[in-house]
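Data first, discussion second: the structure below is written as structure tokens.
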Amino acid sequence: MAEAELQTGTSLQPRLSRTLNNRAFNDLMLHEFGLHHLHLGTTLDPTGLITRTGDLLVVLVRPDDAYLVDVRSHGCWSQQDLIEIIHENWPSVLRPFRINIESSQSPVTSAQRENLRRRRMNAAIEMPDGTVYAGIGGGYVRSGASFDAVRWADITLRMAKEIENAMTGLESQLTAELTRTTGSVPKPIRLRLVDLGEERAAIVIENADSALPVRFDVPINWSLE
């Protein structure tokens, strides 16, 4: 059923965790391994979620593909042989996360990884053949939050500050432009950032008689690189 839904593009939200809407929850398997888990029931409960089952489908999702890794029970979150399955069957998917270091004499075990996760510590993942991967899911920070999510937040705050700085001191110019084009000036003037695509944006006065653009081509760099 879940496989057919993946193939047809059906929403998988009912199969996701009940903690999905809990902003304080961090899925450490997703953050470290990049793996989702889907519940395999066939009926919906009163909350609109698939009835919980003992077995879970572990899936690696990419923009255009989904790799069905294995069916496991609850508690499989730190089992790194899930990564071994991907390594053996679809090694090209993991190639971007391969790191060139010598094989360890005592690689981290799944039990040790679970212990590290409780302490919010990231660790590389070593395969039986000596191949080592890191950052498949991006990793997590000390709070358990996604490292990529924290970087996105930092980028967003930085860009907001840059835009705020760019608009500081323009009140007189905005007032003059509003008077010239609309004949009236709202109090206070409310500005809104509009995404133009291709990493560009515009700022508009949203409470003017018309949505008046006041500054075009504010550079927005959303890259995580």
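Following the order of the structure tokens, chains are lettered A, B, ..., residues in each are numbered from 1, and ligands are numbered from 1.
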
From the DSSP assignment of the backbone, select every residue of range 9-220 of chain A that is helix (DSSP H, G or I), and format the answer as a ChimeraX atom specification.
/A:13-15,18-21,28-33,81-89,91-97,110-118,147-167,171-181

Excluding range 133-150 of chain A and residues on its chain fewer than 4 positions from it, collect all residues at most 8 Å away from it, counting only C-alpha atoms, and give them as a ChimeraX atom specification.
/A:26,28,30-35,94,97-99,119-126,154,224

Computed gap from CA of Ser103 in chain A to CA of Ser78 in chain A is 20.3 Å

Considering only C-alpha atoms, can you say which of A:Ile203, A:Val185, A:Ala176, A:Leu49 comes closest to Thr19 in chain A?
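Between A:Ile203, A:Val185, A:Ala176, A:Leu49, the residue approaching Thr19 in chain A most closely is A:Leu49.
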
What's around range 63-65 of chain A at 12 Å? Count only C-alpha atoms, leave out sequence neighbours fewer than 6 positions away in its own chain, and write the answer as a ChimeraX atom specification.
/A:3,6-9,90,93

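Taking CA of Ser110 in chain A and CA of Leu82 in chain A as the two end points, the separation is 10.4 Å.
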
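As for CA of Arg200 in chain A and CA of Pro188 in chain A, they are spaced 25.9 Å apart.
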